[in-house]
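As stored in input12.tsv (TSV, C-alpha atoms):
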chain	number	residue	atom	x	y	z
V	1	MET	CA	-23.69	-21.05	18.19
V	2	SER	CA	-26.95	-20.13	19.93
V	3	GLU	CA	-29.97	-22.38	20.15
V	4	PRO	CA	-32.02	-22.49	16.94
V	5	ASN	CA	-35.15	-20.41	16.95
V	6	PRO	CA	-37.11	-21.95	14.09
V	7	LEU	CA	-40.28	-20.68	12.53
V	8	ALA	CA	-43.07	-21.16	15.05
V	9	GLY	CA	-45.81	-23.56	14.02
V	10	THR	CA	-43.71	-25.48	11.50
V	11	PRO	CA	-45.87	-28.54	10.78
V	12	ARG	CA	-44.37	-31.95	11.53
V	13	ARG	CA	-44.20	-33.96	8.31
V	14	THR	CA	-43.72	-37.58	7.38
V	15	ARG	CA	-41.05	-38.51	4.84
V	16	ASP	CA	-43.84	-39.39	2.42
V	17	GLN	CA	-45.20	-35.87	2.72
V	18	VAL	CA	-41.79	-34.34	2.07
V	19	ALA	CA	-41.31	-36.61	-0.94
V	20	ASP	CA	-44.76	-35.70	-2.26
V	21	LEU	CA	-43.77	-32.05	-2.15
V	22	HIS	CA	-40.19	-32.16	-3.38
V	23	PHE	CA	-39.24	-35.51	-4.96
V	24	MET	CA	-39.81	-34.55	-8.59
V	25	ASP	CA	-37.79	-31.37	-8.09
V	26	ALA	CA	-34.89	-33.35	-6.62
V	27	ARG	CA	-35.23	-36.03	-9.31
V	28	TYR	CA	-34.79	-33.70	-12.24
V	29	LYS	CA	-31.91	-31.92	-10.55
V	30	LEU	CA	-30.10	-35.21	-9.97
V	31	LEU	CA	-30.62	-36.19	-13.61
V	32	ASP	CA	-29.30	-32.80	-14.71
V	33	LEU	CA	-26.21	-33.36	-12.57
V	34	ALA	CA	-25.72	-36.82	-14.09
V	35	ALA	CA	-26.06	-35.35	-17.57
V	36	PHE	CA	-23.49	-32.67	-16.71
V	37	LEU	CA	-20.99	-35.31	-15.58
V	38	ASP	CA	-21.65	-37.32	-18.77
V	39	ARG	CA	-21.00	-34.20	-20.84
V	40	LEU	CA	-17.70	-33.65	-19.03
V	41	GLU	CA	-16.74	-37.26	-19.71
V	42	LYS	CA	-16.92	-36.61	-23.45
V	43	ALA	CA	-14.91	-33.39	-23.25
V	44	SER	CA	-11.12	-33.06	-23.36
V	45	GLY	CA	-8.58	-31.30	-21.18
V	46	PRO	CA	-7.71	-31.25	-17.49
V	47	GLU	CA	-10.30	-31.22	-14.73
V	48	ASP	CA	-11.57	-27.73	-13.89
V	49	HIS	CA	-11.17	-26.78	-10.21
V	50	ARG	CA	-14.92	-26.14	-9.99
V	51	VAL	CA	-15.72	-29.65	-11.16
V	52	ARG	CA	-13.12	-31.03	-8.77
V	53	GLY	CA	-14.99	-29.26	-5.98
V	54	LEU	CA	-18.29	-30.63	-7.16
V	55	ARG	CA	-16.94	-34.18	-7.17
V	56	ALA	CA	-15.47	-33.65	-3.68
V	57	ALA	CA	-18.93	-32.67	-2.42
V	58	LEU	CA	-20.76	-35.72	-3.77
V	59	PRO	CA	-19.85	-38.08	-0.89
V	60	LEU	CA	-21.36	-35.58	1.55
V	61	LEU	CA	-24.76	-36.23	-0.01
V	62	LEU	CA	-24.66	-39.84	1.21
V	63	GLN	CA	-23.72	-39.04	4.81
V	64	SER	CA	-26.36	-38.91	7.51
V	65	GLY	CA	-27.30	-35.64	9.19
V	66	ASP	CA	-29.35	-32.60	8.34
V	67	ASP	CA	-26.68	-30.06	7.44
V	68	ARG	CA	-25.45	-31.22	4.04
V	69	VAL	CA	-25.90	-27.80	2.43
V	70	ALA	CA	-23.79	-26.08	5.07
V	71	GLN	CA	-21.12	-28.79	4.85
V	72	ILE	CA	-20.84	-28.37	1.09
V	73	LEU	CA	-20.71	-24.58	1.32
V	74	HIS	CA	-17.97	-24.82	3.95
V	75	LEU	CA	-16.04	-27.28	1.74
V	76	TRP	CA	-16.11	-24.85	-1.17
V	77	SER	CA	-15.19	-21.77	0.92
V	78	ASP	CA	-11.88	-19.93	0.96
V	79	PRO	CA	-10.33	-21.08	4.27
V	80	SER	CA	-7.97	-18.09	4.64
V	81	VAL	CA	-8.72	-15.37	7.16
V	82	ALA	CA	-6.67	-12.30	6.15
V	83	PRO	CA	-7.68	-9.75	3.49
V	84	ILE	CA	-5.79	-10.12	0.20
V	85	GLU	CA	-3.65	-7.32	-1.21
V	86	LYS	CA	-5.41	-7.07	-4.55
V	87	ALA	CA	-7.89	-9.11	-6.55
V	88	ASP	CA	-7.22	-10.11	-10.14
V	89	THR	CA	-10.92	-10.48	-10.87
V	90	LYS	CA	-14.24	-9.19	-9.57
V	91	ALA	CA	-15.92	-12.56	-10.00
V	92	ALA	CA	-16.18	-15.64	-7.79
V	93	SER	CA	-16.04	-19.09	-9.39
V	94	GLY	CA	-18.16	-21.09	-6.96
V	95	VAL	CA	-15.38	-23.24	-5.50
V	96	TRP	CA	-12.18	-22.09	-3.77
V	97	PRO	CA	-9.47	-22.78	-6.38
V	98	GLY	CA	-7.10	-24.22	-3.76
V	99	LEU	CA	-9.42	-27.10	-2.88
V	100	LYS	CA	-7.64	-30.44	-3.46
K	1	MET	CA	-50.96	-11.44	0.76
K	2	ARG	CA	-48.85	-8.39	1.49
K	3	TYR	CA	-45.08	-8.33	1.65
K	4	ILE	CA	-42.18	-5.86	1.65
K	5	GLU	CA	-39.41	-6.14	-0.96
K	6	PRO	CA	-36.53	-4.92	1.23
K	7	HIS	CA	-33.82	-5.28	-1.42
K	8	GLY	CA	-34.57	-4.74	-5.10
K	9	HIS	CA	-32.46	-2.95	-7.71
K	10	MET	CA	-35.38	-1.43	-9.53
K	11	VAL	CA	-33.27	0.88	-11.71
K	12	SER	CA	-32.47	-2.34	-13.59
K	13	ARG	CA	-36.08	-3.45	-13.96
K	14	THR	CA	-38.90	-2.51	-16.27
K	15	THR	CA	-42.15	-0.95	-15.21
K	16	ASP	CA	-43.76	-4.33	-15.94
K	17	ASP	CA	-41.90	-5.63	-12.90
K	18	TYR	CA	-43.36	-2.87	-10.71
K	19	GLN	CA	-46.77	-3.88	-12.00
K	20	ALA	CA	-46.18	-7.59	-11.31
K	21	MET	CA	-44.85	-6.90	-7.81
K	22	ALA	CA	-47.80	-4.66	-6.96
K	23	LEU	CA	-50.22	-7.34	-8.20
K	24	ALA	CA	-48.39	-9.95	-6.09
K	25	GLY	CA	-48.98	-7.95	-2.90
K	26	CYS	CA	-45.83	-5.88	-2.59
K	27	ALA	CA	-46.45	-2.96	-0.23
K	28	ALA	CA	-43.09	-1.15	-0.42
K	29	ILE	CA	-39.72	-1.48	-2.13
K	30	CYS	CA	-36.29	-0.62	-0.75
K	31	GLU	CA	-33.38	-0.19	-3.16
K	32	PRO	CA	-29.74	-0.30	-2.08
K	33	ALA	CA	-27.08	1.37	-4.22
K	34	PHE	CA	-25.08	-1.23	-6.13
K	35	TRP	CA	-22.72	-2.04	-8.98
K	36	ALA	CA	-24.11	-1.18	-12.39
K	37	GLY	CA	-22.35	-4.09	-14.09
K	38	PHE	CA	-19.45	-1.87	-15.10
K	39	ASP	CA	-17.09	0.44	-13.21
K	40	ARG	CA	-18.19	4.06	-13.18
K	41	LYS	CA	-15.30	6.42	-13.77
K	42	THR	CA	-16.37	9.59	-12.00
K	43	ALA	CA	-18.10	10.81	-8.86
K	44	ASP	CA	-20.44	12.73	-11.16
K	45	GLY	CA	-21.74	9.38	-12.38
K	46	PHE	CA	-22.61	8.50	-8.79
K	47	TYR	CA	-24.19	11.90	-8.22
K	48	ASP	CA	-26.58	11.17	-11.07
K	49	TYR	CA	-27.21	7.66	-9.74
K	50	PHE	CA	-28.05	9.01	-6.27
K	51	CYS	CA	-30.44	11.50	-7.91
K	52	GLN	CA	-32.04	8.60	-9.75
K	53	LEU	CA	-32.45	6.65	-6.48
K	54	THR	CA	-33.80	9.55	-4.43
K	55	GLN	CA	-35.86	11.44	-7.01
K	56	HIS	CA	-36.70	9.53	-10.16
K	57	GLU	CA	-37.26	5.97	-8.94
K	58	PRO	CA	-39.77	6.93	-6.19
K	59	LYS	CA	-41.89	8.61	-8.88
K	60	ARG	CA	-41.73	5.54	-11.10
K	61	ALA	CA	-42.78	3.27	-8.21
K	62	ALA	CA	-45.55	5.64	-7.15
K	63	LYS	CA	-47.31	5.04	-10.48
K	64	TYR	CA	-47.99	1.52	-9.19
K	65	GLY	CA	-48.93	2.65	-5.69
K	66	LEU	CA	-45.61	1.53	-4.25
K	67	PRO	CA	-43.59	3.54	-1.73
K	68	HIS	CA	-39.91	3.46	-2.76
K	69	TYR	CA	-36.96	3.86	-0.38
K	70	CYS	CA	-33.22	3.64	-0.97
K	71	TRP	CA	-29.81	3.14	0.62
K	72	LEU	CA	-26.63	4.96	-0.48
K	73	CYS	CA	-22.98	3.98	-0.88
K	74	ILE	CA	-20.26	3.09	-3.34
K	75	ASN	CA	-20.34	-0.68	-3.63
K	76	PRO	CA	-17.29	-2.82	-2.86
K	77	LYS	CA	-16.73	-3.76	-6.51
K	78	GLU	CA	-15.78	-0.13	-7.18
K	79	SER	CA	-13.84	0.35	-3.93
K	80	GLU	CA	-10.46	-0.53	-5.40
K	81	ASP	CA	-10.24	3.02	-6.80
K	82	MET	CA	-9.72	4.76	-3.47
K	83	LYS	CA	-9.82	8.29	-4.87
K	84	LEU	CA	-13.15	7.64	-6.58
K	85	ALA	CA	-14.49	5.98	-3.44
K	86	ASP	CA	-13.50	8.94	-1.26
K	87	ASP	CA	-15.13	11.36	-3.72
K	88	VAL	CA	-18.37	9.35	-3.69
K	89	LEU	CA	-18.35	9.08	0.10
K	90	ALA	CA	-18.13	12.87	0.22
K	91	LEU	CA	-21.35	13.12	-1.81
K	92	ILE	CA	-23.44	10.97	0.49
K	93	PRO	CA	-24.18	13.37	3.40
K	94	GLU	CA	-26.02	15.74	1.07
K	95	PHE	CA	-28.27	12.93	-0.12
K	96	LEU	CA	-28.96	11.66	3.40
K	97	LYS	CA	-31.29	14.68	3.71
K	98	ALA	CA	-33.69	13.07	1.23
K	99	LYS	CA	-36.85	11.78	2.91
K	100	THR	CA	-36.68	8.32	1.36
K	101	VAL	CA	-33.11	7.38	2.35
K	102	LEU	CA	-32.98	4.56	4.89
K	103	GLY	CA	-29.26	4.34	5.51
K	104	ILE	CA	-25.86	3.30	4.16
K	105	GLY	CA	-25.83	0.29	1.87
K	106	GLU	CA	-25.25	-2.09	0.38
K	107	ILE	CA	-21.71	-1.85	1.70
K	108	GLY	CA	-19.40	-4.74	2.39
K	109	LEU	CA	-16.79	-6.76	0.56
K	110	ASN	CA	-16.49	-8.47	-2.81
K	111	LYS	CA	-13.07	-10.16	-3.07
K	112	ASN	CA	-12.01	-9.39	0.51
K	113	THR	CA	-9.18	-6.99	-0.41
K	114	ARG	CA	-7.45	-4.47	1.82
K	115	ASN	CA	-8.84	-1.53	-0.16
K	116	GLU	CA	-12.37	-2.91	0.08
K	117	MET	CA	-11.85	-3.17	3.85
K	118	LEU	CA	-10.68	0.46	4.10
K	119	ILE	CA	-13.70	1.76	2.20
K	120	LEU	CA	-16.01	-0.44	4.26
K	121	GLU	CA	-14.56	1.10	7.42
K	122	LYS	CA	-15.19	4.60	6.04
K	123	HIS	CA	-18.79	3.73	5.23
K	124	VAL	CA	-19.29	2.42	8.75
K	125	GLU	CA	-17.82	5.64	10.18
K	126	LEU	CA	-20.22	7.62	8.01
K	127	ALA	CA	-23.19	5.57	9.21
K	128	VAL	CA	-22.20	6.08	12.84
K	129	LYS	CA	-21.62	9.81	12.36
K	130	TYR	CA	-25.04	10.34	10.77
K	131	ASP	CA	-26.85	7.72	12.88
K	132	GLN	CA	-27.85	5.66	9.86
K	133	LEU	CA	-28.96	2.04	9.50
K	134	ILE	CA	-26.50	-0.22	7.67
K	135	LEU	CA	-27.24	-2.77	4.96
K	136	VAL	CA	-24.34	-5.12	4.24
K	137	HIS	CA	-23.58	-7.04	1.07
K	138	THR	CA	-21.60	-10.22	1.71
K	139	PRO	CA	-19.31	-11.65	-0.99
K	140	HIS	CA	-20.33	-14.25	-3.51
K	141	LEU	CA	-19.85	-18.00	-3.42
K	142	GLU	CA	-16.46	-19.19	-2.13
K	143	ASP	CA	-15.62	-15.72	-0.79
K	144	LYS	CA	-18.75	-15.42	1.35
K	145	ARG	CA	-17.73	-17.12	4.61
K	146	LYS	CA	-14.41	-15.32	4.90
K	147	GLY	CA	-15.93	-11.99	3.85
K	148	THR	CA	-18.83	-12.28	6.25
K	149	ARG	CA	-16.43	-12.82	9.13
K	150	LEU	CA	-14.19	-9.91	8.07
K	151	ILE	CA	-17.22	-7.63	7.78
K	152	MET	CA	-18.45	-8.53	11.25
K	153	ASP	CA	-14.94	-7.85	12.59
K	154	VAL	CA	-15.05	-4.35	11.03
K	155	LEU	CA	-18.50	-3.65	12.46
K	156	LYS	CA	-17.45	-4.76	15.93
K	157	ALA	CA	-14.15	-2.87	15.77
K	158	ALA	CA	-15.98	0.36	14.97
K	159	GLY	CA	-17.20	0.30	18.56
K	160	LYS	CA	-20.35	2.38	18.20
K	161	VAL	CA	-22.30	0.15	15.82
K	162	LYS	CA	-25.45	-1.37	17.31
K	163	PRO	CA	-25.88	-4.84	15.77
K	164	GLU	CA	-29.66	-4.55	15.79
K	165	ARG	CA	-29.31	-1.61	13.37
K	166	VAL	CA	-27.34	-3.67	10.83
K	167	ILE	CA	-28.67	-6.23	8.37
K	168	ILE	CA	-26.13	-8.57	6.85
K	169	ASP	CA	-27.56	-9.72	3.55
K	170	HIS	CA	-27.07	-12.73	1.28
K	171	VAL	CA	-26.58	-15.16	4.17
K	172	GLU	CA	-26.65	-18.86	3.39
K	173	GLU	CA	-26.66	-22.01	5.47
K	174	HIS	CA	-22.98	-21.67	6.42
K	175	THR	CA	-23.14	-18.02	7.53
K	176	ILE	CA	-26.63	-17.35	8.94
K	177	GLY	CA	-25.81	-18.79	12.37
K	178	GLU	CA	-22.75	-16.63	12.97
K	179	VAL	CA	-24.56	-13.49	11.80
K	180	LEU	CA	-27.52	-14.01	14.13
K	181	ASP	CA	-25.33	-15.12	17.02
K	182	GLN	CA	-23.54	-11.78	16.93
K	183	GLY	CA	-26.81	-9.87	17.19
K	184	PHE	CA	-27.13	-8.68	13.59
K	185	TRP	CA	-30.16	-9.11	11.35
K	186	ALA	CA	-29.76	-11.57	8.49
K	187	GLY	CA	-31.09	-11.20	4.94
K	188	ILE	CA	-31.75	-14.26	2.81
K	189	THR	CA	-31.51	-13.42	-0.87
K	190	LEU	CA	-33.56	-15.55	-3.24
K	191	TYR	CA	-31.81	-16.14	-6.54
K	192	PRO	CA	-32.52	-18.75	-9.19
K	193	GLU	CA	-28.92	-20.06	-9.12
K	194	SER	CA	-26.53	-18.36	-6.74
K	195	LYS	CA	-27.36	-17.48	-3.12
K	196	ALA	CA	-30.53	-19.25	-1.83
K	197	THR	CA	-33.59	-20.57	-3.63
K	198	PRO	CA	-37.04	-20.05	-2.10
K	199	VAL	CA	-37.10	-23.73	-1.08
K	200	ARG	CA	-33.74	-23.55	0.72
K	201	ALA	CA	-34.75	-20.27	2.33
K	202	VAL	CA	-37.84	-21.85	3.87
K	203	ASP	CA	-35.69	-24.75	5.07
K	204	MET	CA	-33.43	-22.25	6.82
K	205	LEU	CA	-36.42	-20.57	8.41
K	206	GLU	CA	-37.91	-23.87	9.54
K	207	ASN	CA	-34.66	-25.32	10.82
K	208	PHE	CA	-32.94	-22.35	12.22
K	209	ALA	CA	-34.37	-18.91	12.62
K	210	SER	CA	-37.32	-16.75	11.77
K	211	GLN	CA	-36.63	-13.68	13.86
K	212	ARG	CA	-34.19	-10.92	12.84
K	213	VAL	CA	-34.45	-12.37	9.33
K	214	TRP	CA	-35.89	-10.99	6.10
K	215	LEU	CA	-36.33	-12.40	2.62
K	216	ASN	CA	-35.49	-10.40	-0.49
K	217	SER	CA	-35.17	-10.92	-4.23
K	218	ALA	CA	-32.27	-8.50	-4.85
K	219	CYS	CA	-33.66	-8.39	-8.38
K	220	ASP	CA	-31.22	-6.60	-10.66
K	221	TRP	CA	-29.83	-6.70	-14.21
K	222	GLY	CA	-28.63	-10.31	-13.83
K	223	HIS	CA	-30.39	-13.67	-13.53
K	224	SER	CA	-32.88	-12.80	-10.78
K	225	ASP	CA	-36.59	-12.83	-10.06
K	226	PRO	CA	-38.56	-9.81	-8.80
K	227	LEU	CA	-41.30	-12.20	-7.63
K	228	ALA	CA	-38.96	-14.41	-5.60
K	229	VAL	CA	-40.41	-13.32	-2.24
K	230	PRO	CA	-44.02	-14.20	-3.19
K	231	LYS	CA	-42.69	-17.51	-4.50
K	232	ALA	CA	-41.14	-18.21	-1.09
K	233	MET	CA	-44.48	-17.30	0.48
K	234	GLN	CA	-46.14	-19.84	-1.82
K	235	GLU	CA	-43.59	-22.45	-0.71
K	236	MET	CA	-44.51	-21.71	2.91
K	237	ARG	CA	-48.21	-22.11	2.11
K	238	ARG	CA	-47.48	-25.42	0.36
K	239	ARG	CA	-45.78	-26.65	3.51
K	240	GLY	CA	-48.73	-25.70	5.71
K	241	HIS	CA	-47.57	-22.51	7.35
K	242	SER	CA	-50.26	-20.16	8.55
K	243	ALA	CA	-51.07	-16.85	6.91
K	244	ALA	CA	-50.10	-15.13	10.15
K	245	ALA	CA	-46.66	-16.77	10.21
K	246	ILE	CA	-46.02	-15.81	6.61
K	247	ASP	CA	-47.18	-12.23	7.18
K	248	SER	CA	-44.99	-11.91	10.24
K	249	LEU	CA	-41.95	-13.00	8.25
K	250	VAL	CA	-42.34	-11.12	4.96
K	251	TYR	CA	-44.09	-8.01	6.28
K	252	GLY	CA	-43.61	-7.75	10.04
K	253	ASN	CA	-39.90	-8.49	10.09
K	254	PRO	CA	-38.83	-5.95	7.44
K	255	VAL	CA	-41.14	-3.33	8.90
K	256	GLY	CA	-39.60	-4.00	12.30
K	257	PHE	CA	-36.06	-3.47	11.08
K	258	LEU	CA	-36.72	-0.61	8.67
K	259	SER	CA	-38.84	1.34	11.16
K	260	GLN	CA	-35.62	2.08	13.03
K	261	SER	CA	-35.14	4.69	10.32
K	262	PRO	CA	-37.39	7.72	10.87
K	263	ASN	CA	-37.85	7.93	7.10
K	264	PHE	CA	-39.54	4.54	6.78
K	265	LYS	CA	-43.32	4.53	7.14
K	266	ASP	CA	-45.24	1.31	7.71
K	267	PRO	CA	-47.28	0.98	4.48
K	268	GLN	CA	-50.22	-0.21	6.55
K	269	ALA	CA	-50.26	3.16	8.33
K	270	LEU	CA	-50.22	4.99	5.00
K	271	ARG	CA	-53.44	3.38	3.77

Produce structure tokens that represent the structure in this file.
Amino acid sequence: MSEPNPLAGTPRRTRDQVADLHFMDARYKLLDLAAFLDRLEKASGPEDHRVRGLRAALPLLLQSGDDRVAQILHLWSDPSVAPIEKADTKAASGVWPGLK
Amino acid sequence: MRYIEPHGHMVSRTTDDYQAMALAGCAAICEPAFWAGFDRKTADGFYDYFCQLTQHEPKRAAKYGLPHYCWLCINPKESEDMKLADDVLALIPEFLKAKTVLGIGEIGLNKNTRNEMLILEKHVELAVKYDQLILVHTPHLEDKRKGTRLIMDVLKAAGKVKPERVIIDHVEEHTIGEVLDQGFWAGITLYPESKATPVRAVDMLENFASQRVWLNSACDWGHSDPLAVPKAMQEMRRRGHSAAAIDSLVYGNPVGFLSQSPNFKDPQALR
């Protein structure tokens, strides 16, 4: 991969400044995720493959590094390389169904 | 502040959206052909759609002072019906004569099937034959990485495609690097849920790349936001980016790419 060519003049920020801008947004999204998992807890039936993928991604949030989004998207991606013969749906689910 | 909406499905939007976009600083709109939410059964249906894109929609946009351009194709979701796809492909050359057509798009893949690949290859051949720009749709969600790679393989295999005349749209954090590395332009689509949010888009720009990149809303009949680009501009302002940097990204970049088509006129020059 080539060298990054980021937006010129991107201001350097302290962590406080980033938190001032985006903490409340992240806070409500985390609470929404917690509420979603609570809702699943009360529901019956086997685990959906999408939820399995979501749970598999959670440990990546606690790792160090600055590419968590890319790591999660790679985790959820279809790893095959050849075209398929025919699709049985037009839709994508959000997580590759074969993810263990 | 001014901006270009390089990818908006305005046939799905109300005139109120044209009004809101004009008020937000939009200077021109470009509309790729896409899936209507259901499978059309006949080439005649596409003929009417292409008339709508090349004749009717520019008039609707003009009422709000907005130049309207379009791209033509049959989208990958309808490519499984090869006979229909071939019939639609045969219609396109006639419509390429319209003065507001920018190229072939949005072509690409949806579920990465063999038939989708064959129709993609035919679209690429058509673009090469008529010296047209190409706008690529990459698949959704878990199909995106694989599909993006397959699409780039098709474009490279065609031999005569110049990467700088192709924009590969709907990139995300796991695909933008490969797209730019291979010399293509990359489009970041701003959606409320799928694809990228304005906040993530600005992260990508800050962390990775700001050249050969455009932002678009891809507003359509689904959950989408015709003001997503101005909202990303607001996010850049919030983070302290200069007016010049924002203008270069949301106006200069799309004008730079689109001006490779002789039909596109820089809105600044029209005023």

Next on the checklist: What are the residues of chain K lining chain V at 7 Å or less? Count only C-alpha atoms, and put the answer as a ChimeraX atom specification.
Outcome noted: /K:77,111-114,140-143,145-146,173-174,177-178,181,205-210,240-241

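Take the candidates V:Gln63, V:His49, V:Arg55, V:Asp32 and check each one against V:Leu99 using all atoms listed in the file; the shortest distance goes to V:His49.
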
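Our summary of the geometry notes that atom CA of K:Phe38 is positioned 12.5 Å from atom CA of K:Gly222.
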
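Interatomic distance, atom CA of V:Ala34 to atom CA of V:Leu54: 11.9 Å.
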
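The two atoms in question, atom CA of K:Asp48 and atom CA of K:Asp16, are spaced 23.6 Å apart.
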
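For K:Ala269, the list of residues within 12 Å, based on only C-alpha atoms and with local chain neighbours fewer than 2 positions off taken out, reads Ala27, Val255, Ser259, Phe264, Lys265, Asp266, Pro267 and Arg271 of chain K.
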
Residues of the last selection are to be written out with C-alpha atoms, as a PDB file, in the coordinates of the input.
ATOM      1  CA  ALA K  27     -46.450  -2.960  -0.230  1.00  0.00           C
ATOM      2  CA  VAL K 255     -41.140  -3.330   8.900  1.00  0.00           C
ATOM      3  CA  SER K 259     -38.840   1.340  11.160  1.00  0.00           C
ATOM      4  CA  PHE K 264     -39.540   4.540   6.780  1.00  0.00           C
ATOM      5  CA  LYS K 265     -43.320   4.530   7.140  1.00  0.00           C
ATOM      6  CA  ASP K 266     -45.240   1.310   7.710  1.00  0.00           C
ATOM      7  CA  PRO K 267     -47.280   0.980   4.480  1.00  0.00           C
ATOM      8  CA  ARG K 271     -53.440   3.380   3.770  1.00  0.00           C
TER       9      ARG K 271
END

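Shortest separation to K:Arg40 among K:Glu193, K:Asp220, K:Glu116, K:Glu78 occurs at residue K:Glu78, atoms counted being all atoms listed in the file.
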
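Taking all atoms listed in the file into account, the polymer residues that have an atom no farther than 7 Å from (-25.7, 1.8, 12.9) are Ala127, Val128, Asp131, Gln132, Leu133, Ile134, Val161, Lys162, Arg165 and Val166 of chain K.
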
If we draw a sphere of 8 Å around (-41.8, -13.3, 6.0), which residues have at least one atom in it when counting only C-alpha atoms? Please report them as a JSON list (two decimals) with C-alpha atoms, in the frame of the given file.
[["chain", "number", "residue", "atom", "x", "y", "z"],
["K", 3, "TYR", "CA", -45.08, -8.33, 1.65],
["K", 214, "TRP", "CA", -35.89, -10.99, 6.10],
["K", 215, "LEU", "CA", -36.33, -12.40, 2.62],
["K", 233, "MET", "CA", -44.48, -17.30, 0.48],
["K", 245, "ALA", "CA", -46.66, -16.77, 10.21],
["K", 246, "ILE", "CA", -46.02, -15.81, 6.61],
["K", 247, "ASP", "CA", -47.18, -12.23, 7.18],
["K", 248, "SER", "CA", -44.99, -11.91, 10.24],
["K", 249, "LEU", "CA", -41.95, -13.00, 8.25],
["K", 250, "VAL", "CA", -42.34, -11.12, 4.96],
["K", 251, "TYR", "CA", -44.09, -8.01, 6.28],
["K", 252, "GLY", "CA", -43.61, -7.75, 10.04],
["K", 253, "ASN", "CA", -39.90, -8.49, 10.09]]

Specify the axis-aligned box that encloses all atoms of stretch 239-242 of chain K listed in the file after padding of 5 Å on each side, stating its centre and edge lengths in Å to one decimal as JSON.
{"center_x": -48.0, "center_y": -23.4, "center_z": 6.0, "size_x": 14.5, "size_y": 16.5, "size_z": 15.0}

Next on the checklist: At a cut-off of 10 Å, using all atoms listed in the file, what residues contact stretch 59-61 of chain K? Leave out same-chain residues fewer than 2 positions from it and give the result as number ranges by chain.
Outcome noted: K: 10-11, 14-15, 18-19, 22, 28-29, 52-57, 63-69

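Proximity to K:His7 was assessed for K:Leu180, K:Met117, K:Ala243, K:Ile188 counting all atoms listed in the file; the smallest distance is recorded for K:Ile188.
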
Next on the checklist: Please list as a ChimeraX atom specification every residue within 12 Å of K:Glu164, counting all atoms listed in the file and excluding residues in the same chain fewer than 3 positions away.
Outcome noted: /K:132-135,155,160-161,167-168,179-186,211-213,256-260

Grab the residues selected above and save them as a PDB file, keeping the file's coordinate frame with C-alpha atoms.
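Result file follows (part-v9.pdb):
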ATOM      1  CA  GLN K 132     -27.850   5.660   9.860  1.00  0.00           C
ATOM      2  CA  LEU K 133     -28.960   2.040   9.500  1.00  0.00           C
ATOM      3  CA  ILE K 134     -26.500  -0.220   7.670  1.00  0.00           C
ATOM      4  CA  LEU K 135     -27.240  -2.770   4.960  1.00  0.00           C
ATOM      5  CA  LEU K 155     -18.500  -3.650  12.460  1.00  0.00           C
ATOM      6  CA  LYS K 160     -20.350   2.380  18.200  1.00  0.00           C
ATOM      7  CA  VAL K 161     -22.300   0.150  15.820  1.00  0.00           C
ATOM      8  CA  ILE K 167     -28.670  -6.230   8.370  1.00  0.00           C
ATOM      9  CA  ILE K 168     -26.130  -8.570   6.850  1.00  0.00           C
ATOM     10  CA  VAL K 179     -24.560 -13.490  11.800  1.00  0.00           C
ATOM     11  CA  LEU K 180     -27.520 -14.010  14.130  1.00  0.00           C
ATOM     12  CA  ASP K 181     -25.330 -15.120  17.020  1.00  0.00           C
ATOM     13  CA  GLN K 182     -23.540 -11.780  16.930  1.00  0.00           C
ATOM     14  CA  GLY K 183     -26.810  -9.870  17.190  1.00  0.00           C
ATOM     15  CA  PHE K 184     -27.130  -8.680  13.590  1.00  0.00           C
ATOM     16  CA  TRP K 185     -30.160  -9.110  11.350  1.00  0.00           C
ATOM     17  CA  ALA K 186     -29.760 -11.570   8.490  1.00  0.00           C
ATOM     18  CA  GLN K 211     -36.630 -13.680  13.860  1.00  0.00           C
ATOM     19  CA  ARG K 212     -34.190 -10.920  12.840  1.00  0.00           C
ATOM     20  CA  VAL K 213     -34.450 -12.370   9.330  1.00  0.00           C
ATOM     21  CA  GLY K 256     -39.600  -4.000  12.300  1.00  0.00           C
ATOM     22  CA  PHE K 257     -36.060  -3.470  11.080  1.00  0.00           C
ATOM     23  CA  LEU K 258     -36.720  -0.610   8.670  1.00  0.00           C
ATOM     24  CA  SER K 259     -38.840   1.340  11.160  1.00  0.00           C
ATOM     25  CA  GLN K 260     -35.620   2.080  13.030  1.00  0.00           C
TER      26      GLN K 260
END

Item to check | From K:Ser217, K:Lys195, K:Thr148, K:Asp225, residue lying nearest K:Thr175 [only C-alpha atoms] | outcome: K:Thr148

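By only C-alpha atoms, and with residues fewer than 5 positions from stretch 35-39 of chain V along its chain excluded, the set lying at most 12 Å from it is Tyr28, Lys29, Leu30, Ser44, Glu47, Val51, Arg52, Leu54, Arg55 and Leu58 of chain V.
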